[in-house]
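Below is one structure; the comments refer to it alone.
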Amino acid sequence: NDVDKKYKAALEYYEKGDYYRANQLLEQVMPLMTGREEAEQARFYYANTHYQQREYMLSAFQFRTFYETYPRSEKAEEAMFLQAKSLYNDSPDFEQDQTSTITAMESIQEFLVRYPNSEYAAEANTMFETLSAKLDQKAFESARLYYKLHYYKSAVVAFTNFLRENPSSPYSEQASYLRIDAQYRFALESVPDKQQERFMEAVDFYQSFIDQYPDSRFLRSAEQVYSSTQSELEKLKKNNPSNS
Amino acid sequence: SQVLKNPQQNNTVDYAQPKQYRLGGIEFTGIKFLDPASLTAVTGLKVGDEITVPGEDISRAIQKLWDQGILGDVDVYVTRVEGNQIFLNFDLKERPRLSRFEFSGINKTQQDALREKINLIRGKVVTDAVLSSTRNVIRKYYAEKSYLNAKINIVQKPDSLLPNSVVLNINIDKGDKVKIAEIAFEGNEAFTDKKLRRQLKKTKEKRYYKIFTSSKFQRSEYENDKQLLLDFYSTEGYRDAVIVSDTVYNISEDRLAVRITVDEGDRYYYRNISWNGNYLYDDAYLTRVLGIEKGDVYNKQELDKRLNYNPAGVDVSALYQNDGYLFFNIDPVEVKVEGDSIDIEMRVSEGPQATISKVNVTGNTKTSDHVVLREIRTLPGQKYSREDLIRSRNELANLGYFDPETIGLNPIPNPAEGTVDINYTVSERPNDQISLSGGWGGPIGAVGTVGLTLNNFSTRKLFNLSEWRPLPSGDGQRLALNVQANGKFYQSYSLSFTEPWLGGRKPNALTVSLFKTIRRDSRSEIDSRLNVDGASVSLGRRLQWPDNFFQLSHSLGYNRYTLKNFRLFGDFDNGSSNSISLNNTLARVSIDNPTFPRRGSQISLSVNLTPPYSLFTEKRNNYEYVEFNKWMFDASWFMNLAGNLVLNTRAHFGFLGKYSSKTSIGPFERFRLGGSGLGGQNIFVGTDYIGLRGYDDESVIDTADPTLASTGGIAYNKFVLEARQLISPNPGATIYGLAFLEAGNNFGSYDRYNPFRLYRSGGVGVRIFMAAFGLLGFDYGWRFDDLPGQPNAKRGQFHFMIGQQLR
């Protein structure tokens with residue numbers, strides 16, 4: 001029942017790297033240590049034992065409590081960084097819900113604003129970029145799903161949304177190409193009345209694609225779609241000369 | 001509230017003019033157990049800081065100290081000011097901390113429940129506010145349980161182990177449960193007291209014959225019930241009805257009385273209904289859809305339902321909202337009230353059509369995006385449709401991966417662009433099932449079963465260990481493994497795998513399954529055994545015609561029976577038998593929720609055919625190549641009677657036929673009717689086990705002939721009427737009760753077939769759906785008829801069910 005003895009034992013386990021035992025002991029003594037000098041250190045170690053055990057949800061919460069309680073501590077900067085990193089590690093694959101990714105990005109930004117010259121700044125920036133690329137990939141894959149399902153009209157809308165919201169993403173080039181292809185296929189399966197207009201739209205998409213990515217790796221495929229579009233338009237003109 | 005003037009000092013702090021100082025020093029007074037250095041750390045202040053007095057810094061320091069929850073009072077004084085240096089004194093009051101608390105006078109369950117509710121944190125200080133809020137929480141907890149006279153006494157004792165700490169002893173005397181003895185009404189002329197009492201859903205009188213009715217008095221429920229009473233009046237046309245006064249008083253220590261005085265007002269009727277602002281549809285058409293006529297009783301709720309959302313039929317909004325008119329709005333205005341007649345003008349604003357722009361899903365922490373998105377019927381670029389939205393909700397619920405009660409649909413319109421984004425929110429629920437059971441399998445003795453069903457499996461992630469959380473999941477594939485054995489005499493292994501979207505482009509489900517069973521005769525001296533091995537491949541697809549609720553599936557199956565000195569049927573005891581069959585099923589499924597359907601139907605017609613060998617060749621016996629054709633029809637229909645009460649009506653038929661008049665129908669694929677329908681551990685694969693509650697397992701057949709009774713029938717039919725009441729919608733354990741009437745019969749030959757000659761039964765039961773175990777059920781059935789040859793069998797019996805019964 002001795003608080004000091006337990007705390008000492010906890011520190012020993014912590015030094016040895018037995019984070020599970022250290023965590024159990026710290027959890028017991030922490031409420032009774034509030035207001036004492038060692039409370040600060042105890043709280044940081046407690047958060048870190050969760051982090052070391054890959055319990056990132058808990059470590060994020062505990063690191064946050066730490067730097068909110070002891071904003072002037074020497075460890076505050078590290079705690080804030082580790083909170084962000086906990087959230088970063090907790091962020092799921094792009095195919096799942098990204099709510100925690102967004103929270104992680106917010107924390108990283110908060111950290112960078114607070115400690116712009118931190119020794120962790122470079123790592124924080126890399127983390128931020130990784131997460132942001134993940135969100136891009138999610139948005140791109142959701143749009144591409146409609147393409148895969150052959151819902152071409154929906155794919156065009158989804159790719160257009162994607163390009164508007166992520167103009168400089170690594171996926172923009174592919175999205176821009178797939179949009180031409182989706183539009184072409186959408187026009188192809190449309191009723192004759194609408195075809196002319198829809199093929200013309202594909203031409204528009206092609207033009208904006210080559211303006212933006214003149215050396216694209218999709219250039220060849222895009223050109224093929226473009227020439228197919230042209231021949232379809234010619235066919236339409238032949239069948240219905242009055243209409244153009 | 002910031003810096004107090006130190007009475008010994010004459011330098012005043014001017015609140016009108018905050019001043020910048022450098023912090024020269026901080027001291028703490030009034031502390032006995034706390035450490036000044038760590039308190040300084042908590043305040044966030046540091047000697048040498050620039051601070052403004054009065055200002056933010058000190059407020060924040062006080063707040064931080066308070067947040068620690070270890071202090072009873074915090075005062076801040078200025079000790080002295082030297083030049084621009086300021087010295088502060090924090091005068092604190094320590095309070096005893098809570099070391100632990102205990103309850104007395106109540107049982108363990110309630111202690112645990114209260115422990116969850118009360119907000120007592122060990123290590124925090126005990127203040128009056130903490131004590132009184134604890135008292136309030138406990139009082140509220142007991143008031144909800146109708147212990148209105150509960151007495152709570154909290155005693156503080158110093159803790160002998162820790163300095164400056166107290167132990168709280170919370171003593172509770174629940175007293176008697178208070179019940180409602182009488183509910184009386186005054187001022188009611190149109191309706192009787194009895195009718196009005198029935199409108200109060202949770203506030204009921206105590207009567208000895210009402211065993212299932214609770215007559216607790218709960219304030220919040222009572223307030224709710226008063227509103228229900230007014231709602232009732234309003235649905236009957238009394239739109240001015242008010243409760244003039246109501247009183248609740250004690251008539252004895254444990255009995256209350258409730259008296260409600262109402263003023264009913266007049267009853268109103270509709271007169272003229274006119275439409276304004278409608279361009280798409282004309283007045284007459286809208287009036288017809290609305291379905292309210294001149295002279296009908298004025299009922300605001302019904303009107304709103306018919307205008308905005310009518311789960312049971314058409315409504316005016318549906319006309320518009322299923323065709324993109326998301327911004328459609330209708331406002332019924334009472335333009336004239338004359339005597340008891342009301343004229344209504346419907347002010348319609350049609351607005352532009354909205355196109356769907358983005359479709360988002362959140363909350364899928366396990367399931368991959370594409371698995372969810374491919375089921376959703378609101379697609380980017382389409383016109384908004386409320387019907388599609390609701391259909392998508394049902395499709396998501398039917399996946400079984402998400403809690404059906406909490407699927408959220410949230411259209412976010414963007415009027416400037418004329419578009420709408422649709423956000424779906426889901427919450428995952430565990431849906432992998434592990435079964436471990438032991439049972440008594442009739443002739444073969446004890447049988448143990450180990451089963452594992454993974455309903456949201458991912459083979460793609462199988463080789464990526466970082467995706468094992470704890471198993472590779474999220475791609476919507478289904479993997480089931482099952483092993484049953486009782487050692488040497490009976491073993492059964494089965495494996496099945498389903499990919500619901502073969503190729504990822506269309507919802508064509510591919511299922512592959514394999515099984516093997518080995519059965520040895522325990523009583524025989526010589527080696528006597530039956531092996532059944534089988535494999536099947538099936539492909540199911542959704543159809544667009546006649547409507548998109550239809551599904552068609554084909555399944556090719558091969559079973560091989562190998563017998564060695566095993567008398568399976570009459571003259572067949574050695575050799576092997578092959579069964580190749582093609583099963584085609586056409587089904588229409590439109591239920592809204594797989595665990596507890598409230599509305600919708602399920603109809604299926606299935607035809608299972610073997611090649612007609614006997615038409616081409618001179619077949620020697622019926623066993624070498626099994627030959628049959630089998631027709632099954634099942635229909636199930638759900639109707640929501642009220643709230644969580646659902647009526648399920650079912651009809652089932654099955655017929656087994658032959659191809660040539662020269663042969664007779666063989667022993668395979670026959671029907672066995674009666675009992676729970678669990679199939680006696682499924683020993684013989686080529687048999688259909690169908691339940692009929694109230695009768696012994698597999699006992700129902702329309703003859704007393706013992707050979708036929710043991711082989712099974714060739715035609716059966718069964719009809720069920722079942723009322724279900726949802727008791728707990730909790731997705732972890734969905735529970736519903738049921739009462740049923742059913743009737744069925746099983747026939748050994750077509751000469752005797754008569755769909756109206758039935759064995760009837762009735763009974764009650766309960767079903768529990770637990771995510772980890774699937775559906776478990778317990779029914780008590782009572783038979784109304786005697787089976788031929790067994791008039792003295794017992795009439796009532798219990799049935800235990802595992803899994804969702806199809807028939």
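Following the order of the structure tokens, first chain is A, next is B, and so on, with residues numbered from 1 inside each chain and ligands from 1 in the order they appear.
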
Near B:Phe747, within 12 Å and counting only C-alpha atoms, which residues show up once chain neighbours fewer than 4 positions away are dropped, as a CSV table (one decimal) with all heavy atoms, in the first residue's frame?
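Now in around_5.csv:
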```
chain,number,residue,atom,x,y,z
B,653,PHE,N,-43.7,-25.5,-49.1
B,653,PHE,CA,-44.1,-26.8,-49.8
B,653,PHE,C,-42.8,-27.4,-50.3
B,653,PHE,O,-41.8,-26.8,-50.7
B,653,PHE,CB,-44.9,-26.4,-51.0
B,653,PHE,CG,-46.2,-25.8,-50.7
B,653,PHE,CD1,-46.3,-24.4,-50.6
B,653,PHE,CD2,-47.4,-26.5,-50.4
B,653,PHE,CE1,-47.5,-23.8,-50.3
B,653,PHE,CE2,-48.6,-25.9,-50.1
B,653,PHE,CZ,-48.6,-24.5,-50.0
B,654,GLY,N,-42.9,-28.7,-50.4
B,654,GLY,CA,-41.8,-29.5,-51.0
B,654,GLY,C,-42.3,-30.8,-51.6
B,654,GLY,O,-43.2,-31.4,-51.1
B,655,PHE,N,-41.8,-31.0,-52.9
B,655,PHE,CA,-42.2,-32.2,-53.6
B,655,PHE,C,-41.0,-32.9,-54.2
B,655,PHE,O,-40.2,-32.3,-54.7
B,655,PHE,CB,-43.2,-31.9,-54.7
B,655,PHE,CG,-44.4,-31.1,-54.2
B,655,PHE,CD1,-44.5,-29.7,-54.4
B,655,PHE,CD2,-45.5,-31.8,-53.6
B,655,PHE,CE1,-45.6,-29.0,-53.9
B,655,PHE,CE2,-46.6,-31.1,-53.1
B,655,PHE,CZ,-46.6,-29.7,-53.3
B,656,LEU,N,-41.0,-34.2,-54.1
B,656,LEU,CA,-40.0,-35.0,-54.6
B,656,LEU,C,-40.6,-35.9,-55.7
B,656,LEU,O,-41.6,-36.5,-55.5
B,656,LEU,CB,-39.4,-35.9,-53.5
B,656,LEU,CG,-38.1,-36.6,-53.8
B,656,LEU,CD1,-37.0,-35.6,-54.1
B,656,LEU,CD2,-37.7,-37.5,-52.6
B,670,ARG,N,-35.4,-37.2,-49.2
B,670,ARG,CA,-36.8,-37.2,-48.7
B,670,ARG,C,-36.9,-36.1,-47.6
B,670,ARG,O,-36.0,-35.5,-47.1
B,670,ARG,CB,-37.2,-38.5,-48.2
B,670,ARG,CG,-37.4,-39.5,-49.4
B,670,ARG,CD,-37.8,-40.8,-48.9
B,670,ARG,NE,-38.2,-41.7,-50.0
B,670,ARG,CZ,-39.4,-42.3,-50.1
B,670,ARG,NH1,-40.3,-42.2,-49.2
B,670,ARG,NH2,-39.6,-43.0,-51.2
B,671,PHE,N,-38.2,-35.9,-47.1
B,671,PHE,CA,-38.5,-34.9,-46.1
B,671,PHE,C,-38.7,-35.6,-44.8
B,671,PHE,O,-39.4,-36.6,-44.7
B,671,PHE,CB,-39.7,-34.1,-46.5
B,671,PHE,CG,-39.6,-33.5,-47.8
B,671,PHE,CD1,-40.3,-33.9,-48.9
B,671,PHE,CD2,-38.7,-32.4,-48.0
B,671,PHE,CE1,-40.2,-33.4,-50.2
B,671,PHE,CE2,-38.6,-31.9,-49.3
B,671,PHE,CZ,-39.3,-32.3,-50.4
B,672,ARG,N,-38.2,-35.0,-43.7
B,672,ARG,CA,-38.6,-35.5,-42.4
B,672,ARG,C,-39.1,-34.2,-41.6
B,672,ARG,O,-38.4,-33.2,-41.5
B,672,ARG,CB,-37.3,-36.1,-41.7
B,672,ARG,CG,-36.7,-37.1,-42.7
B,672,ARG,CD,-35.6,-37.8,-42.0
B,672,ARG,NE,-36.0,-39.2,-41.9
B,672,ARG,CZ,-35.7,-40.1,-41.0
B,672,ARG,NH1,-35.1,-39.6,-39.9
B,672,ARG,NH2,-36.0,-41.3,-41.1
B,673,LEU,N,-40.3,-34.4,-41.1
B,673,LEU,CA,-41.0,-33.2,-40.5
B,673,LEU,C,-41.2,-33.4,-39.0
B,673,LEU,O,-41.4,-34.6,-38.6
B,673,LEU,CB,-42.3,-33.1,-41.2
B,673,LEU,CG,-43.2,-31.9,-40.9
B,673,LEU,CD1,-42.5,-30.6,-41.3
B,673,LEU,CD2,-44.6,-32.0,-41.6
B,699,SER,N,-41.0,-36.9,-36.5
B,699,SER,CA,-42.1,-37.9,-36.3
B,699,SER,C,-43.3,-37.7,-37.1
B,699,SER,O,-44.1,-38.6,-37.2
B,699,SER,CB,-42.5,-37.8,-34.8
B,699,SER,OG,-43.2,-36.6,-34.6
B,700,VAL,N,-43.4,-36.6,-37.8
B,700,VAL,CA,-44.7,-36.3,-38.5
B,700,VAL,C,-44.7,-36.9,-39.9
B,700,VAL,O,-43.9,-36.5,-40.7
B,700,VAL,CB,-45.0,-34.8,-38.5
B,700,VAL,CG1,-46.3,-34.5,-39.2
B,700,VAL,CG2,-44.9,-34.2,-37.2
B,701,ILE,N,-45.6,-37.9,-40.1
B,701,ILE,CA,-45.8,-38.4,-41.4
B,701,ILE,C,-47.2,-39.0,-41.4
B,701,ILE,O,-47.7,-39.4,-40.4
B,701,ILE,CB,-44.7,-39.4,-41.8
B,701,ILE,CG1,-44.9,-39.8,-43.2
B,701,ILE,CG2,-44.7,-40.6,-40.9
B,701,ILE,CD1,-43.6,-40.2,-43.9
B,702,ASP,N,-47.8,-38.9,-42.6
B,702,ASP,CA,-49.3,-39.2,-42.6
B,702,ASP,C,-49.6,-40.7,-42.7
B,702,ASP,O,-50.4,-41.1,-43.4
B,702,ASP,CB,-49.8,-38.5,-43.8
B,702,ASP,CG,-51.3,-38.5,-43.8
B,702,ASP,OD1,-51.9,-38.4,-42.7
B,702,ASP,OD2,-51.9,-38.7,-44.9
B,703,THR,N,-48.8,-41.5,-42.0
B,703,THR,CA,-49.1,-42.9,-42.0
B,703,THR,C,-48.5,-43.6,-40.7
B,703,THR,O,-47.6,-43.0,-40.1
B,703,THR,CB,-48.4,-43.6,-43.2
B,703,THR,OG1,-48.5,-45.0,-43.1
B,703,THR,CG2,-46.9,-43.2,-43.3
B,704,ALA,N,-49.0,-44.7,-40.4
B,704,ALA,CA,-48.4,-45.4,-39.2
B,704,ALA,C,-47.4,-46.5,-39.7
B,704,ALA,O,-46.8,-47.1,-38.8
B,704,ALA,CB,-49.6,-46.1,-38.4
B,705,ASP,N,-47.2,-46.6,-41.0
B,705,ASP,CA,-46.3,-47.6,-41.5
B,705,ASP,C,-44.8,-47.3,-41.1
B,705,ASP,O,-44.3,-46.3,-41.4
B,705,ASP,CB,-46.4,-47.6,-43.1
B,705,ASP,CG,-45.4,-48.5,-43.7
B,705,ASP,OD1,-44.7,-49.2,-43.0
B,705,ASP,OD2,-45.3,-48.5,-45.0
B,708,LEU,N,-41.9,-46.5,-43.8
B,708,LEU,CA,-42.1,-45.2,-44.4
B,708,LEU,C,-41.7,-44.1,-43.4
B,708,LEU,O,-41.0,-43.1,-43.7
B,708,LEU,CB,-43.5,-45.0,-44.9
B,708,LEU,CG,-43.7,-43.9,-45.9
B,708,LEU,CD1,-42.7,-44.2,-47.1
B,708,LEU,CD2,-45.1,-43.9,-46.4
B,709,ALA,N,-42.1,-44.3,-42.1
B,709,ALA,CA,-41.8,-43.3,-41.1
B,709,ALA,C,-40.3,-43.2,-40.9
B,709,ALA,O,-39.8,-42.1,-40.7
B,709,ALA,CB,-42.4,-43.7,-39.8
B,711,THR,N,-38.0,-43.7,-43.4
B,711,THR,CA,-37.4,-43.2,-44.7
B,711,THR,C,-37.7,-41.7,-44.9
B,711,THR,O,-36.9,-41.0,-45.4
B,711,THR,CB,-37.8,-44.0,-45.9
B,711,THR,OG1,-38.6,-45.1,-45.5
B,711,THR,CG2,-36.7,-44.3,-46.8
B,712,GLY,N,-38.9,-41.3,-44.6
B,712,GLY,CA,-39.3,-40.0,-44.8
B,712,GLY,C,-40.3,-39.9,-45.9
B,712,GLY,O,-40.5,-40.8,-46.6
B,713,GLY,N,-40.9,-38.7,-46.0
B,713,GLY,CA,-42.0,-38.5,-47.0
B,713,GLY,C,-41.5,-37.9,-48.3
B,713,GLY,O,-40.3,-37.5,-48.4
B,714,ILE,N,-42.4,-37.8,-49.3
B,714,ILE,CA,-42.0,-37.3,-50.6
B,714,ILE,C,-42.7,-36.0,-50.9
B,714,ILE,O,-42.4,-35.4,-51.9
B,714,ILE,CB,-42.2,-38.3,-51.7
B,714,ILE,CG1,-43.7,-38.8,-51.7
B,714,ILE,CG2,-41.3,-39.5,-51.6
B,714,ILE,CD1,-44.1,-39.4,-53.0
B,715,ALA,N,-43.6,-35.6,-50.1
B,715,ALA,CA,-44.3,-34.3,-50.3
B,715,ALA,C,-44.6,-33.8,-48.9
B,715,ALA,O,-45.1,-34.5,-48.0
B,715,ALA,CB,-45.6,-34.5,-51.1
B,716,TYR,N,-44.4,-32.5,-48.7
B,716,TYR,CA,-44.7,-32.0,-47.4
B,716,TYR,C,-45.3,-30.6,-47.6
B,716,TYR,O,-45.0,-29.9,-48.6
B,716,TYR,CB,-43.5,-31.9,-46.5
B,716,TYR,CG,-42.8,-30.6,-46.5
B,716,TYR,CD1,-43.0,-29.6,-45.6
B,716,TYR,CD2,-41.8,-30.4,-47.5
B,716,TYR,CE1,-42.4,-28.4,-45.6
B,716,TYR,CE2,-41.2,-29.2,-47.5
B,716,TYR,CZ,-41.4,-28.2,-46.6
B,716,TYR,OH,-40.8,-27.0,-46.7
B,717,ASN,N,-46.1,-30.1,-46.7
B,717,ASN,CA,-46.4,-28.6,-46.6
B,717,ASN,C,-46.6,-28.2,-45.2
B,717,ASN,O,-46.8,-29.0,-44.3
B,717,ASN,CB,-47.6,-28.3,-47.5
B,717,ASN,CG,-48.7,-29.3,-47.3
B,717,ASN,OD1,-49.1,-29.9,-48.3
B,717,ASN,ND2,-49.2,-29.4,-46.1
B,718,LYS,N,-46.3,-26.9,-45.0
B,718,LYS,CA,-46.3,-26.4,-43.6
B,718,LYS,C,-46.7,-24.9,-43.7
B,718,LYS,O,-46.3,-24.2,-44.6
B,718,LYS,CB,-44.9,-26.5,-43.1
B,718,LYS,CG,-44.7,-25.9,-41.8
B,718,LYS,CD,-43.3,-26.1,-41.3
B,718,LYS,CE,-42.9,-25.1,-40.1
B,718,LYS,NZ,-41.5,-25.2,-39.8
B,751,ASP,N,-50.7,-40.4,-53.8
B,751,ASP,CA,-52.2,-40.8,-53.7
B,751,ASP,C,-52.8,-40.2,-52.4
B,751,ASP,O,-53.9,-39.9,-52.4
B,751,ASP,CB,-52.3,-42.3,-53.6
B,751,ASP,CG,-51.5,-43.0,-54.7
B,751,ASP,OD1,-51.4,-42.3,-55.7
B,751,ASP,OD2,-51.1,-44.1,-54.6
B,752,ARG,N,-52.0,-40.1,-51.4
B,752,ARG,CA,-52.5,-39.7,-50.1
B,752,ARG,C,-52.4,-38.2,-49.9
B,752,ARG,O,-52.8,-37.6,-48.9
B,752,ARG,CB,-51.7,-40.4,-49.0
B,752,ARG,CG,-51.9,-41.9,-49.0
B,752,ARG,CD,-51.1,-42.5,-47.8
B,752,ARG,NE,-51.5,-42.0,-46.5
B,752,ARG,CZ,-52.5,-42.6,-45.8
B,752,ARG,NH1,-53.0,-43.7,-46.3
B,752,ARG,NH2,-52.8,-42.2,-44.7
B,753,TYR,N,-51.7,-37.5,-50.9
B,753,TYR,CA,-51.4,-36.1,-50.7
B,753,TYR,C,-52.7,-35.2,-50.6
B,753,TYR,O,-53.6,-35.3,-51.5
B,753,TYR,CB,-50.5,-35.5,-51.8
B,753,TYR,CG,-50.2,-34.1,-51.6
B,753,TYR,CD1,-49.3,-33.7,-50.6
B,753,TYR,CD2,-50.8,-33.1,-52.4
B,753,TYR,CE1,-49.1,-32.3,-50.4
B,753,TYR,CE2,-50.5,-31.8,-52.3
B,753,TYR,CZ,-49.7,-31.4,-51.3
B,753,TYR,OH,-49.4,-30.1,-51.0
B,754,ASN,N,-52.8,-34.4,-49.6
B,754,ASN,CA,-53.9,-33.6,-49.4
B,754,ASN,C,-53.5,-32.4,-48.6
B,754,ASN,O,-53.2,-32.5,-47.4
B,754,ASN,CB,-55.0,-34.3,-48.6
B,754,ASN,CG,-56.2,-33.4,-48.4
B,754,ASN,OD1,-56.2,-32.2,-48.6
B,754,ASN,ND2,-57.3,-34.0,-47.8
B,755,PRO,N,-53.3,-31.2,-49.2
B,755,PRO,CA,-52.7,-30.0,-48.5
B,755,PRO,C,-53.6,-29.6,-47.3
B,755,PRO,O,-53.1,-28.8,-46.5
B,755,PRO,CB,-52.6,-29.0,-49.6
B,755,PRO,CG,-53.6,-29.4,-50.7
B,755,PRO,CD,-53.7,-30.9,-50.6
B,756,PHE,N,-54.8,-30.1,-47.2
B,756,PHE,CA,-55.7,-29.6,-46.1
B,756,PHE,C,-55.7,-30.5,-44.9
B,756,PHE,O,-56.3,-30.2,-43.9
B,756,PHE,CB,-57.1,-29.3,-46.7
B,756,PHE,CG,-57.1,-28.3,-47.8
B,756,PHE,CD1,-57.3,-28.7,-49.1
B,756,PHE,CD2,-56.8,-27.0,-47.6
B,756,PHE,CE1,-57.3,-27.9,-50.1
B,756,PHE,CE2,-56.8,-26.1,-48.6
B,756,PHE,CZ,-57.0,-26.5,-49.9
B,757,ARG,N,-55.1,-31.7,-45.1
B,757,ARG,CA,-55.0,-32.6,-43.9
B,757,ARG,C,-53.7,-32.2,-43.2
B,757,ARG,O,-52.6,-32.5,-43.7
B,757,ARG,CB,-55.0,-34.0,-44.4
B,757,ARG,CG,-55.4,-35.0,-43.3
B,757,ARG,CD,-55.9,-36.3,-43.8
B,757,ARG,NE,-54.8,-37.0,-44.5
B,757,ARG,CZ,-54.9,-37.6,-45.7
B,757,ARG,NH1,-56.1,-37.6,-46.3
B,757,ARG,NH2,-53.9,-38.2,-46.3
B,758,LEU,N,-53.9,-31.6,-42.0
B,758,LEU,CA,-52.7,-31.1,-41.4
B,758,LEU,C,-52.7,-31.4,-39.9
B,758,LEU,O,-53.7,-31.6,-39.3
B,758,LEU,CB,-52.7,-29.5,-41.5
B,758,LEU,CG,-52.7,-28.9,-42.9
B,758,LEU,CD1,-53.0,-27.5,-42.9
B,758,LEU,CD2,-51.3,-29.1,-43.5
B,759,TYR,N,-51.5,-31.5,-39.4
B,759,TYR,CA,-51.3,-31.7,-37.9
B,759,TYR,C,-50.9,-30.3,-37.4
B,759,TYR,O,-50.0,-29.6,-37.9
B,759,TYR,CB,-50.2,-32.7,-37.6
B,759,TYR,CG,-50.5,-34.0,-38.1
B,759,TYR,CD1,-49.9,-34.6,-39.2
B,759,TYR,CD2,-51.5,-34.8,-37.5
B,759,TYR,CE1,-50.3,-35.8,-39.7
B,759,TYR,CE2,-51.9,-36.0,-37.9
B,759,TYR,CZ,-51.2,-36.5,-39.1
B,759,TYR,OH,-51.6,-37.8,-39.5
```

Test item: chain A residues at most 7 Å from chain B, counting only C-alpha atoms, as a list of chain:residue names: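 Applying the cut-off to the listed atoms yields A:Pro31, A:Leu32, A:Gly35, A:Arg36, A:Glu37, A:Thr69, A:Tyr70, A:Pro71, A:Arg72, A:Glu95, A:Gln96, A:Asp97, A:Leu145, A:Lys148, A:Leu149, A:Lys153, A:Ser154, A:Val157, A:Ala158.
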
10 Å contact set for stretch 230-240 of chain A, only C-alpha atoms, chain neighbours under 2 positions out, as a list in words: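 The contact residues come out as Tyr184, Ala187, Leu188, Pro192, Gln195, Gln196, Glu197, Arg198, Phe199, Met200, Ala202, Val203, Gln224, Val225, Tyr226, Ser227, Ser228, Ser242, Asn243 and Ser244 of chain A.
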
DSSP helix (DSSP H, G or I) residues within stretch 15-243 of chain A, as JSON, numbers by chain: {"A": [15, 16, 19, 20, 21, 22, 23, 24, 25, 26, 27, 28, 29, 30, 31, 32, 33, 39, 40, 41, 42, 43, 44, 45, 46, 47, 48, 49, 50, 51, 52, 56, 57, 58, 59, 60, 61, 62, 63, 64, 65, 66, 67, 68, 69, 76, 77, 78, 79, 80, 81, 82, 83, 84, 85, 86, 87, 88, 89, 90, 99, 100, 101, 102, 103, 104, 105, 106, 107, 108, 109, 110, 111, 112, 113, 114, 121, 122, 123, 124, 125, 126, 127, 128, 129, 130, 131, 132, 133, 134, 135, 136, 137, 138, 139, 140, 141, 142, 143, 144, 145, 146, 147, 148, 152, 153, 154, 155, 156, 157, 158, 159, 160, 161, 162, 163, 164, 165, 172, 173, 174, 175, 176, 177, 178, 179, 180, 181, 182, 183, 184, 185, 186, 187, 188, 192, 193, 194, 195, 196, 197, 198, 199, 200, 201, 202, 203, 204, 205, 206, 207, 208, 209, 210, 211, 212, 219, 220, 221, 222, 223, 224, 225, 226, 227, 228, 229, 230, 231, 232, 233, 234, 235, 236, 237, 238, 239, 241, 242, 243]}

Long-range neighbours of stretch 317-332 of chain B as a list in words, 8 Å cut-off, only C-alpha atoms, 6 positions minimum in chain: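 The residues that qualify are Leu307, Asn308, Tyr309, Ile344, Glu345, Met346, Arg347, Val348, Ser349, Glu350, Gly351, Pro352, Gln353, Ala354, Thr355, Lys383, Tyr384, Ser385, Arg386, Glu387, Asp388 and Pro413 of chain B.
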
Selection: 6 Å around B:Gln725, only C-alpha atoms, excl. self and same-chain fewer than 2 positions, as a VMD selection string: chain B and resid 644 to 645 736 to 737

Hey, can you spit out that residue selection with N, CA, C and O atoms as a PDB file, in the first residue's frame?
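The result, stored in out-v9.pdb:
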```pdb
ATOM      1  N   ASN B 644     -42.901  -2.414 -32.125  1.00  0.00           N
ATOM      2  CA  ASN B 644     -41.978  -3.520 -32.305  1.00  0.00           C
ATOM      3  C   ASN B 644     -42.686  -4.863 -32.401  1.00  0.00           C
ATOM      4  O   ASN B 644     -42.089  -5.904 -32.180  1.00  0.00           O
ATOM      5  N   LEU B 645     -43.980  -4.831 -32.710  1.00  0.00           N
ATOM      6  CA  LEU B 645     -44.739  -6.067 -32.855  1.00  0.00           C
ATOM      7  C   LEU B 645     -44.884  -6.380 -34.345  1.00  0.00           C
ATOM      8  O   LEU B 645     -45.330  -5.549 -35.127  1.00  0.00           O
ATOM      9  N   TYR B 736     -36.099 -11.367 -29.013  1.00  0.00           N
ATOM     10  CA  TYR B 736     -37.526 -11.191 -29.235  1.00  0.00           C
ATOM     11  C   TYR B 736     -38.312 -12.399 -28.774  1.00  0.00           C
ATOM     12  O   TYR B 736     -37.802 -13.509 -28.722  1.00  0.00           O
ATOM     13  N   GLY B 737     -39.542 -12.118 -28.397  1.00  0.00           N
ATOM     14  CA  GLY B 737     -40.430 -13.183 -27.967  1.00  0.00           C
ATOM     15  C   GLY B 737     -41.372 -13.489 -29.114  1.00  0.00           C
ATOM     16  O   GLY B 737     -41.595 -12.665 -29.988  1.00  0.00           O
TER      17      GLY B 737
END
```
